[in-house]
Amino acid sequence: NTPADKYYNATYLVKLLVRCVANGGNLLLDIGPSGDGSIPTLMQERLLQIGEWLDTNGEAIYGTRVWRVQQEGDIDNTTIRYTYSPSQSAVYAHILEWPTAGKLFLPSPIASDSTTVSMLGFPQSLQFNVISGTSGIIVVFPNFNPSYPISKHVWVLKLTAVS
C-alpha cells in the first residue's frame with residue numbers, strides 16, 4: 001500500500017493535464033485496480049476531482065489544438081498555458097496561479113474590435129484593456145476569493161476574436 005502523501009494532489013494533476021494539452025499531448029494516468037478489481041479510494045477521488053474541473057472547463061480541453069503560443073509567464077514558473085478551439089473560434093488562457101493584483105497581462109493575444117473575454121464558470125464577461133501599439137491585453141479579474149466555486153486548481157479565460 002502506497003502512503004497517501006506519495007500521490008499527487010488534484011491541483012498538480014489538473015495543471016499536468018493543461019500542460020500536456022497545451023503542447024498537443026494527452027494525459028495518461030496510471031490508475032490500476034487492486035487485486036479484487038476495485039479502484040483505490042484515493043485514485044477514485046483524484047479522478048472525480050479532475051472530472052469536476054472538466055465539468056466547468058472541458059471546452060478548453062476537449063477538441064482543442066495547440067495555439068501559436070503554448071505558454072507564457074516567468075521562465076521557471078509558467079503561469080499561463082494556451083489552447084485553441086476551432087469549433088468555438090476561441091483561444092483559452094489557462095491561468096495556473098490566481099493573479100493576486102486582480103489583473104493579469106496576457107502578452108500574446110492580439111485583440112480586435114469584437115474581442116470578448118470571459119472566465120469559464122463565471123456568468124459575466126470580464127473587463128479588459130488593450131495595450132495600444134502592441135499585442136497583449138490586461139484582463140481584470142472578478143473580485144472574489146479564488147476558492148469561490150467557479151473553478152478550482154486552474155482558471156480558464158475564453159478569448160474570442162483574437163489572433
# chains A, B, ... in the order shown; residues from 1 in each chain; ligands from 1
>>> residues_around(residues="Asn26 of chain A", least_positions_apart="4", cutoff="9 Å", atoms="only C-alpha atoms", output="MDAnalysis selection string")
chainID A and resid 17 20:21
>>> residues_around(residues="Ile31 of chain A", least_positions_apart="4", cutoff="9 Å", atoms="only C-alpha atoms", output="PyMOL selection string")
chain A and resi 39-40+43-44
>>> write_last_selection(atoms="C-alpha atoms", output="mmCIF file, in the first residue's frame")
data_model
loop_
_atom_site.group_PDB
_atom_site.id
_atom_site.type_symbol
_atom_site.label_atom_id
_atom_site.label_comp_id
_atom_site.auth_asym_id
_atom_site.auth_seq_id
_atom_site.Cartn_x
_atom_site.Cartn_y
_atom_site.Cartn_z
ATOM 1 C CA ILE A 39 -10.053 1.177 -7.793
ATOM 2 C CA PRO A 40 -8.390 2.502 -4.619
ATOM 3 C CA MET A 43 -7.432 7.279 -7.008
ATOM 4 C CA GLN A 44 -11.227 7.496 -7.301
#
>>> closest_atom_pairs(of="segment 47-104 of chain A", to="segment 118-131 of chain A", cutoff="12 Å", atoms="only C-alpha atoms", output="JSON lines")
{"residue": "A:Glu52", "atom": "CA", "partner": "A:Gly121", "partner_atom": "CA", "distance": 11.7}
{"residue": "A:Trp53", "atom": "CA", "partner": "A:Gly121", "partner_atom": "CA", "distance": 10.1}
{"residue": "A:Leu54", "atom": "CA", "partner": "A:Leu120", "partner_atom": "CA", "distance": 10.5}
{"residue": "A:Asp55", "atom": "CA", "partner": "A:Gly121", "partner_atom": "CA", "distance": 9.3}
{"residue": "A:Thr56", "atom": "CA", "partner": "A:Gly121", "partner_atom": "CA", "distance": 5.7}
{"residue": "A:Asn57", "atom": "CA", "partner": "A:Leu120", "partner_atom": "CA", "distance": 6.1}
{"residue": "A:Gly58", "atom": "CA", "partner": "A:Leu120", "partner_atom": "CA", "distance": 9.3}
{"residue": "A:Glu59", "atom": "CA", "partner": "A:Leu120", "partner_atom": "CA", "distance": 8.8}
{"residue": "A:Ala60", "atom": "CA", "partner": "A:Leu120", "partner_atom": "CA", "distance": 8.7}
{"residue": "A:Ile61", "atom": "CA", "partner": "A:Leu120", "partner_atom": "CA", "distance": 11.9}
{"residue": "A:Ala90", "atom": "CA", "partner": "A:Ser118", "partner_atom": "CA", "distance": 10.7}
{"residue": "A:Val91", "atom": "CA", "partner": "A:Ser118", "partner_atom": "CA", "distance": 10.9}
{"residue": "A:Tyr92", "atom": "CA", "partner": "A:Met119", "partner_atom": "CA", "distance": 9.3}
{"residue": "A:Ala93", "atom": "CA", "partner": "A:Met119", "partner_atom": "CA", "distance": 9.4}
{"residue": "A:His94", "atom": "CA", "partner": "A:Met119", "partner_atom": "CA", "distance": 9.8}
{"residue": "A:Ile95", "atom": "CA", "partner": "A:Met119", "partner_atom": "CA", "distance": 10.2}
{"residue": "A:Gly102", "atom": "CA", "partner": "A:Gln127", "partner_atom": "CA", "distance": 11.3}
{"residue": "A:Lys103", "atom": "CA", "partner": "A:Phe128", "partner_atom": "CA", "distance": 8.9}
{"residue": "A:Leu104", "atom": "CA", "partner": "A:Phe128", "partner_atom": "CA", "distance": 9.3}
>>> atom_distance(atom1="atom CA of Ser87 of chain A", atom2="atom CA of Thr11 of chain A")
27.5 Å
>>> residues_around(residues="Leu106 of chain A", least_positions_apart="3", cutoff="9 Å", atoms="only C-alpha atoms", output="list in words")
Glu72, Gly73, Ile80, Ala93, Pro109, Ser135, Gly136, Ile137, Ile138 and Val139 of chain A
>>> residues_around(residues="Ser114 of chain A", least_positions_apart="2", cutoff="8 Å", atoms="only C-alpha atoms", output="MDAnalysis selection string")
chainID A and resid 111:112 116 160:161
>>> closest_residue(among="A:Ser151, A:Ser108, A:Ser34, A:Trp98", to="Ser163 of chain A", atoms="only C-alpha atoms")
A:Ser108
>>> select_by_dssp(residues="segment 36-73 of chain A", states="alpha helix (DSSP H)", output="ChimeraX atom specification")
/A:41-57
>>> write_last_selection(atoms="C-alpha atoms", output="short mmCIF file (atom, residue, chain, number, x, y, z; two decimals), in the first residue's frame")
data_model
loop_
_atom_site.label_atom_id
_atom_site.label_comp_id
_atom_site.auth_asym_id
_atom_site.auth_seq_id
_atom_site.Cartn_x
_atom_site.Cartn_y
_atom_site.Cartn_z
CA THR A 41 -10.40 5.26 -2.92
CA LEU A 42 -7.67 7.90 -3.26
CA MET A 43 -7.43 7.28 -7.01
CA GLN A 44 -11.23 7.50 -7.30
CA GLU A 45 -11.13 10.85 -5.50
CA ARG A 46 -8.49 12.22 -7.88
CA LEU A 47 -10.48 11.12 -10.94
CA LEU A 48 -13.64 12.71 -9.55
CA GLN A 49 -11.77 15.96 -8.80
CA ILE A 50 -10.35 16.11 -12.32
CA GLY A 51 -13.82 15.35 -13.69
CA GLU A 52 -15.33 18.15 -11.60
CA TRP A 53 -12.79 20.59 -13.05
CA LEU A 54 -13.58 19.32 -16.56
CA ASP A 55 -17.32 19.84 -15.97
CA THR A 56 -16.63 23.58 -15.85
CA ASN A 57 -13.58 23.84 -18.12
#
>>> residues_around(residues="Tyr12 of chain A", least_positions_apart="6", cutoff="12 Å", atoms="only C-alpha atoms", output="PDB file with N, CA and C atoms, in the first residue's frame")
ATOM      1  N   VAL A  18      -3.357  20.289 -18.234  1.00  0.00           N
ATOM      2  CA  VAL A  18      -3.321  21.529 -19.028  1.00  0.00           C
ATOM      3  C   VAL A  18      -1.993  21.651 -19.767  1.00  0.00           C
ATOM      4  N   ARG A  19      -0.889  21.371 -19.090  1.00  0.00           N
ATOM      5  CA  ARG A  19       0.427  21.443 -19.761  1.00  0.00           C
ATOM      6  C   ARG A  19       0.499  20.472 -20.938  1.00  0.00           C
ATOM      7  N   ARG A  46      -9.221  11.394  -6.910  1.00  0.00           N
ATOM      8  CA  ARG A  46      -8.488  12.221  -7.878  1.00  0.00           C
ATOM      9  C   ARG A  46      -9.225  12.271  -9.222  1.00  0.00           C
ATOM     10  N   GLN A  49     -12.183  14.553  -8.869  1.00  0.00           N
ATOM     11  CA  GLN A  49     -11.772  15.956  -8.797  1.00  0.00           C
ATOM     12  C   GLN A  49     -11.389  16.494 -10.175  1.00  0.00           C
ATOM     13  N   ILE A  50     -10.684  15.703 -10.956  1.00  0.00           N
ATOM     14  CA  ILE A  50     -10.351  16.111 -12.320  1.00  0.00           C
ATOM     15  C   ILE A  50     -11.634  16.245 -13.126  1.00  0.00           C
ATOM     16  N   LEU A  96      -2.638  29.301 -14.262  1.00  0.00           N
ATOM     17  CA  LEU A  96      -2.191  28.308 -13.292  1.00  0.00           C
ATOM     18  C   LEU A  96      -2.062  28.866 -11.874  1.00  0.00           C
ATOM     19  N   GLU A  97      -1.934  30.172 -11.750  1.00  0.00           N
ATOM     20  CA  GLU A  97      -1.845  30.817 -10.439  1.00  0.00           C
ATOM     21  C   GLU A  97      -2.758  32.030 -10.449  1.00  0.00           C
ATOM     22  N   LYS A 152     -11.644  25.279  -9.452  1.00  0.00           N
ATOM     23  CA  LYS A 152     -10.527  25.049  -8.536  1.00  0.00           C
ATOM     24  C   LYS A 152      -9.336  24.656  -9.388  1.00  0.00           C
ATOM     25  N   HIS A 153      -8.188  24.791  -8.849  1.00  0.00           N
ATOM     26  CA  HIS A 153      -6.947  24.293  -9.446  1.00  0.00           C
ATOM     27  C   HIS A 153      -6.397  25.211 -10.526  1.00  0.00           C
ATOM     28  N   VAL A 154      -7.142  25.420 -11.620  1.00  0.00           N
ATOM     29  CA  VAL A 154      -6.720  26.254 -12.750  1.00  0.00           C
ATOM     30  C   VAL A 154      -7.950  27.009 -13.225  1.00  0.00           C
TER      31      VAL A 154
END
>>> closest_residue(among="A:Lys6, A:Arg65, A:Lys15, A:Lys158", to="Ser85 of chain A", atoms="only C-alpha atoms")
A:Arg65
>>> atom_distance(atom1="atom CA of Gln88 of chain A", atom2="atom CA of Tyr62 of chain A")
11.2 Å
>>> select_by_dssp(residues="segment 57-142 of chain A", states="strand (DSSP E)", output="MDAnalysis selection string")
chainID A and resid 71:73 78:85 90:95 103:106 111:119 128:130 137:140
>>> write_last_selection(atoms="N, CA, C and O atoms", output="tab-separated table (two decimals), in the first residue's frame")
chain	number	residue	atom	x	y	z
A	71	GLN	N	2.70	28.80	-24.06
A	71	GLN	CA	2.87	29.17	-22.66
A	71	GLN	C	3.48	30.55	-22.53
A	71	GLN	O	4.20	31.00	-23.42
A	72	GLU	N	3.17	31.19	-21.40
A	72	GLU	CA	3.75	32.50	-21.08
A	72	GLU	C	3.89	32.61	-19.58
A	72	GLU	O	3.23	31.92	-18.82
A	73	GLY	N	4.73	33.51	-19.17
A	73	GLY	CA	4.98	33.74	-17.75
A	73	GLY	C	6.46	33.71	-17.50
A	73	GLY	O	7.27	33.77	-18.42
A	78	THR	N	5.94	29.06	-15.38
A	78	THR	CA	4.97	29.45	-16.38
A	78	THR	C	3.59	29.51	-15.74
A	78	THR	O	3.14	28.55	-15.12
A	79	THR	N	2.93	30.64	-15.87
A	79	THR	CA	1.64	30.80	-15.22
A	79	THR	C	0.47	30.77	-16.18
A	79	THR	O	-0.67	30.74	-15.74
A	80	ILE	N	0.72	30.80	-17.48
A	80	ILE	CA	-0.35	30.81	-18.48
A	80	ILE	C	-0.05	29.75	-19.53
A	80	ILE	O	1.05	29.70	-20.06
A	81	ARG	N	-1.04	28.95	-19.83
A	81	ARG	CA	-0.96	27.98	-20.92
A	81	ARG	C	-2.14	28.25	-21.84
A	81	ARG	O	-3.21	28.62	-21.38
A	82	TYR	N	-1.94	28.05	-23.14
A	82	TYR	CA	-2.98	28.34	-24.13
A	82	TYR	C	-3.42	27.10	-24.88
A	82	TYR	O	-2.59	26.23	-25.19
A	83	THR	N	-4.70	27.05	-25.21
A	83	THR	CA	-5.25	26.08	-26.15
A	83	THR	C	-6.15	26.84	-27.11
A	83	THR	O	-6.55	27.99	-26.84
A	84	TYR	N	-6.48	26.20	-28.22
A	84	TYR	CA	-7.32	26.84	-29.24
A	84	TYR	C	-8.39	25.86	-29.68
A	84	TYR	O	-8.11	24.68	-29.91
A	85	SER	N	-9.62	26.35	-29.80
A	85	SER	CA	-10.73	25.53	-30.26
A	85	SER	C	-11.24	26.05	-31.60
A	85	SER	O	-11.84	27.13	-31.65
A	90	ALA	N	-12.18	30.12	-30.48
A	90	ALA	CA	-11.76	30.73	-29.22
A	90	ALA	C	-10.37	30.26	-28.83
A	90	ALA	O	-9.98	29.13	-29.11
A	91	VAL	N	-9.65	31.16	-28.18
A	91	VAL	CA	-8.38	30.84	-27.54
A	91	VAL	C	-8.68	30.78	-26.05
A	91	VAL	O	-9.40	31.62	-25.51
A	92	TYR	N	-8.12	29.78	-25.39
A	92	TYR	CA	-8.31	29.62	-23.96
A	92	TYR	C	-6.97	29.86	-23.25
A	92	TYR	O	-5.97	29.25	-23.60
A	93	ALA	N	-6.99	30.76	-22.29
A	93	ALA	CA	-5.81	31.02	-21.47
A	93	ALA	C	-6.04	30.34	-20.13
A	93	ALA	O	-6.96	30.72	-19.38
A	94	HIS	N	-5.26	29.33	-19.85
A	94	HIS	CA	-5.34	28.58	-18.60
A	94	HIS	C	-4.44	29.28	-17.59
A	94	HIS	O	-3.22	29.33	-17.79
A	95	ILE	N	-5.02	29.78	-16.53
A	95	ILE	CA	-4.28	30.55	-15.53
A	95	ILE	C	-3.92	29.61	-14.38
A	95	ILE	O	-4.80	29.17	-13.64
A	103	LYS	N	-5.43	41.70	-11.68
A	103	LYS	CA	-5.29	41.90	-13.12
A	103	LYS	C	-4.22	40.96	-13.63
A	103	LYS	O	-3.31	40.58	-12.89
A	104	LEU	N	-4.33	40.60	-14.90
A	104	LEU	CA	-3.34	39.72	-15.49
A	104	LEU	C	-3.03	40.18	-16.90
A	104	LEU	O	-3.94	40.43	-17.70
A	105	PHE	N	-1.74	40.30	-17.21
A	105	PHE	CA	-1.31	40.68	-18.56
A	105	PHE	C	-1.10	39.42	-19.38
A	105	PHE	O	-0.33	38.53	-18.99
A	106	LEU	N	-1.81	39.34	-20.49
A	106	LEU	CA	-1.62	38.27	-21.47
A	106	LEU	C	-0.87	38.87	-22.65
A	106	LEU	O	-1.44	39.63	-23.44
A	111	ALA	N	-5.95	41.69	-29.73
A	111	ALA	CA	-7.39	41.96	-29.68
A	111	ALA	C	-7.86	42.65	-30.95
A	111	ALA	O	-7.11	43.33	-31.63
A	112	SER	N	-9.15	42.47	-31.23
A	112	SER	CA	-9.83	43.19	-32.31
A	112	SER	C	-10.97	43.98	-31.68
A	112	SER	O	-11.19	43.93	-30.47
A	113	ASP	N	-11.71	44.69	-32.53
A	113	ASP	CA	-12.85	45.47	-32.02
A	113	ASP	C	-13.94	44.58	-31.43
A	113	ASP	O	-14.74	45.04	-30.62
A	114	SER	N	-13.99	43.32	-31.84
A	114	SER	CA	-15.06	42.43	-31.37
A	114	SER	C	-14.57	41.40	-30.35
A	114	SER	O	-15.29	40.45	-30.04
A	115	THR	N	-13.39	41.59	-29.80
A	115	THR	CA	-12.86	40.66	-28.80
A	115	THR	C	-13.72	40.64	-27.55
A	115	THR	O	-14.19	41.69	-27.09
A	116	THR	N	-13.93	39.45	-27.02
A	116	THR	CA	-14.59	39.30	-25.72
A	116	THR	C	-13.70	38.42	-24.84
A	116	THR	O	-12.96	37.57	-25.34
A	117	VAL	N	-13.81	38.63	-23.54
A	117	VAL	CA	-13.07	37.82	-22.57
A	117	VAL	C	-14.06	37.38	-21.49
A	117	VAL	O	-14.77	38.21	-20.92
A	118	SER	N	-14.09	36.09	-21.24
A	118	SER	CA	-14.93	35.56	-20.17
A	118	SER	C	-14.14	34.51	-19.42
A	118	SER	O	-13.12	34.02	-19.90
A	119	MET	N	-14.61	34.18	-18.23
A	119	MET	CA	-14.00	33.12	-17.44
A	119	MET	C	-14.99	31.97	-17.40
A	119	MET	O	-16.16	32.16	-17.05
A	128	PHE	N	-11.43	44.15	-19.91
A	128	PHE	CA	-10.02	44.04	-20.31
A	128	PHE	C	-9.61	45.33	-20.98
A	128	PHE	O	-10.44	46.11	-21.45
A	129	ASN	N	-8.31	45.56	-21.02
A	129	ASN	CA	-7.74	46.73	-21.67
A	129	ASN	C	-6.74	46.27	-22.71
A	129	ASN	O	-5.97	45.35	-22.46
A	130	VAL	N	-6.77	46.93	-23.84
A	130	VAL	CA	-5.81	46.65	-24.91
A	130	VAL	C	-4.65	47.61	-24.75
A	130	VAL	O	-4.84	48.79	-24.48
A	137	ILE	N	-3.19	41.97	-23.87
A	137	ILE	CA	-4.32	42.57	-23.19
A	137	ILE	C	-4.15	42.40	-21.68
A	137	ILE	O	-3.48	41.48	-21.23
A	138	ILE	N	-4.74	43.31	-20.94
A	138	ILE	CA	-4.76	43.21	-19.49
A	138	ILE	C	-6.18	42.85	-19.09
A	138	ILE	O	-7.12	43.58	-19.40
A	139	VAL	N	-6.34	41.72	-18.44
A	139	VAL	CA	-7.66	41.24	-18.03
A	139	VAL	C	-7.87	41.57	-16.56
A	139	VAL	O	-7.01	41.32	-15.72
A	140	VAL	N	-9.04	42.15	-16.27
A	140	VAL	CA	-9.41	42.48	-14.90
A	140	VAL	C	-10.20	41.29	-14.36
A	140	VAL	O	-11.24	40.92	-14.90
>>> decode(residues="segment 7-47 of chain A", atoms="C-alpha atoms", output="JSON list (two decimals), in the first residue's frame")
[["chain", "number", "residue", "atom", "x", "y", "z"],
["A", 7, "TYR", "CA", 0.11, 10.55, -4.57],
["A", 8, "TYR", "CA", -0.17, 13.82, -6.48],
["A", 9, "ASN", "CA", -2.98, 16.13, -5.42],
["A", 10, "ALA", "CA", -5.76, 17.20, -7.80],
["A", 11, "THR", "CA", -4.25, 20.64, -8.45],
["A", 12, "TYR", "CA", -0.99, 19.09, -9.63],
["A", 13, "LEU", "CA", -2.86, 16.65, -11.89],
["A", 14, "VAL", "CA", -5.09, 19.34, -13.46],
["A", 15, "LYS", "CA", -2.03, 21.51, -14.13],
["A", 16, "LEU", "CA", -0.31, 18.48, -15.67],
["A", 17, "LEU", "CA", -3.35, 17.89, -17.89],
["A", 18, "VAL", "CA", -3.32, 21.53, -19.03],
["A", 19, "ARG", "CA", 0.43, 21.44, -19.76],
["A", 20, "CYS", "CA", 0.02, 18.26, -21.81],
["A", 21, "VAL", "CA", -2.93, 19.53, -23.85],
["A", 22, "ALA", "CA", -1.39, 22.98, -24.44],
["A", 23, "ASN", "CA", 1.60, 21.23, -26.00],
["A", 24, "GLY", "CA", -0.53, 18.94, -28.18],
["A", 25, "GLY", "CA", -0.34, 15.88, -25.97],
["A", 26, "ASN", "CA", -2.60, 13.60, -23.98],
["A", 27, "LEU", "CA", -2.51, 12.67, -20.33],
["A", 28, "LEU", "CA", -2.29, 9.04, -19.30],
["A", 29, "LEU", "CA", -2.77, 8.33, -15.60],
["A", 30, "ASP", "CA", -1.53, 5.07, -14.13],
["A", 31, "ILE", "CA", -4.62, 4.04, -12.23],
["A", 32, "GLY", "CA", -4.82, 0.33, -11.82],
["A", 33, "PRO", "CA", -7.29, -1.76, -9.92],
["A", 34, "SER", "CA", -6.29, -3.66, -6.81],
["A", 35, "GLY", "CA", -6.27, -7.45, -6.69],
["A", 36, "ASP", "CA", -10.03, -7.59, -6.12],
["A", 37, "GLY", "CA", -10.73, -5.36, -9.12],
["A", 38, "SER", "CA", -11.60, -2.21, -7.17],
["A", 39, "ILE", "CA", -10.05, 1.18, -7.79],
["A", 40, "PRO", "CA", -8.39, 2.50, -4.62],
["A", 41, "THR", "CA", -10.40, 5.26, -2.92],
["A", 42, "LEU", "CA", -7.67, 7.90, -3.26],
["A", 43, "MET", "CA", -7.43, 7.28, -7.01],
["A", 44, "GLN", "CA", -11.23, 7.50, -7.30],
["A", 45, "GLU", "CA", -11.13, 10.85, -5.50],
["A", 46, "ARG", "CA", -8.49, 12.22, -7.88],
["A", 47, "LEU", "CA", -10.48, 11.12, -10.94]]
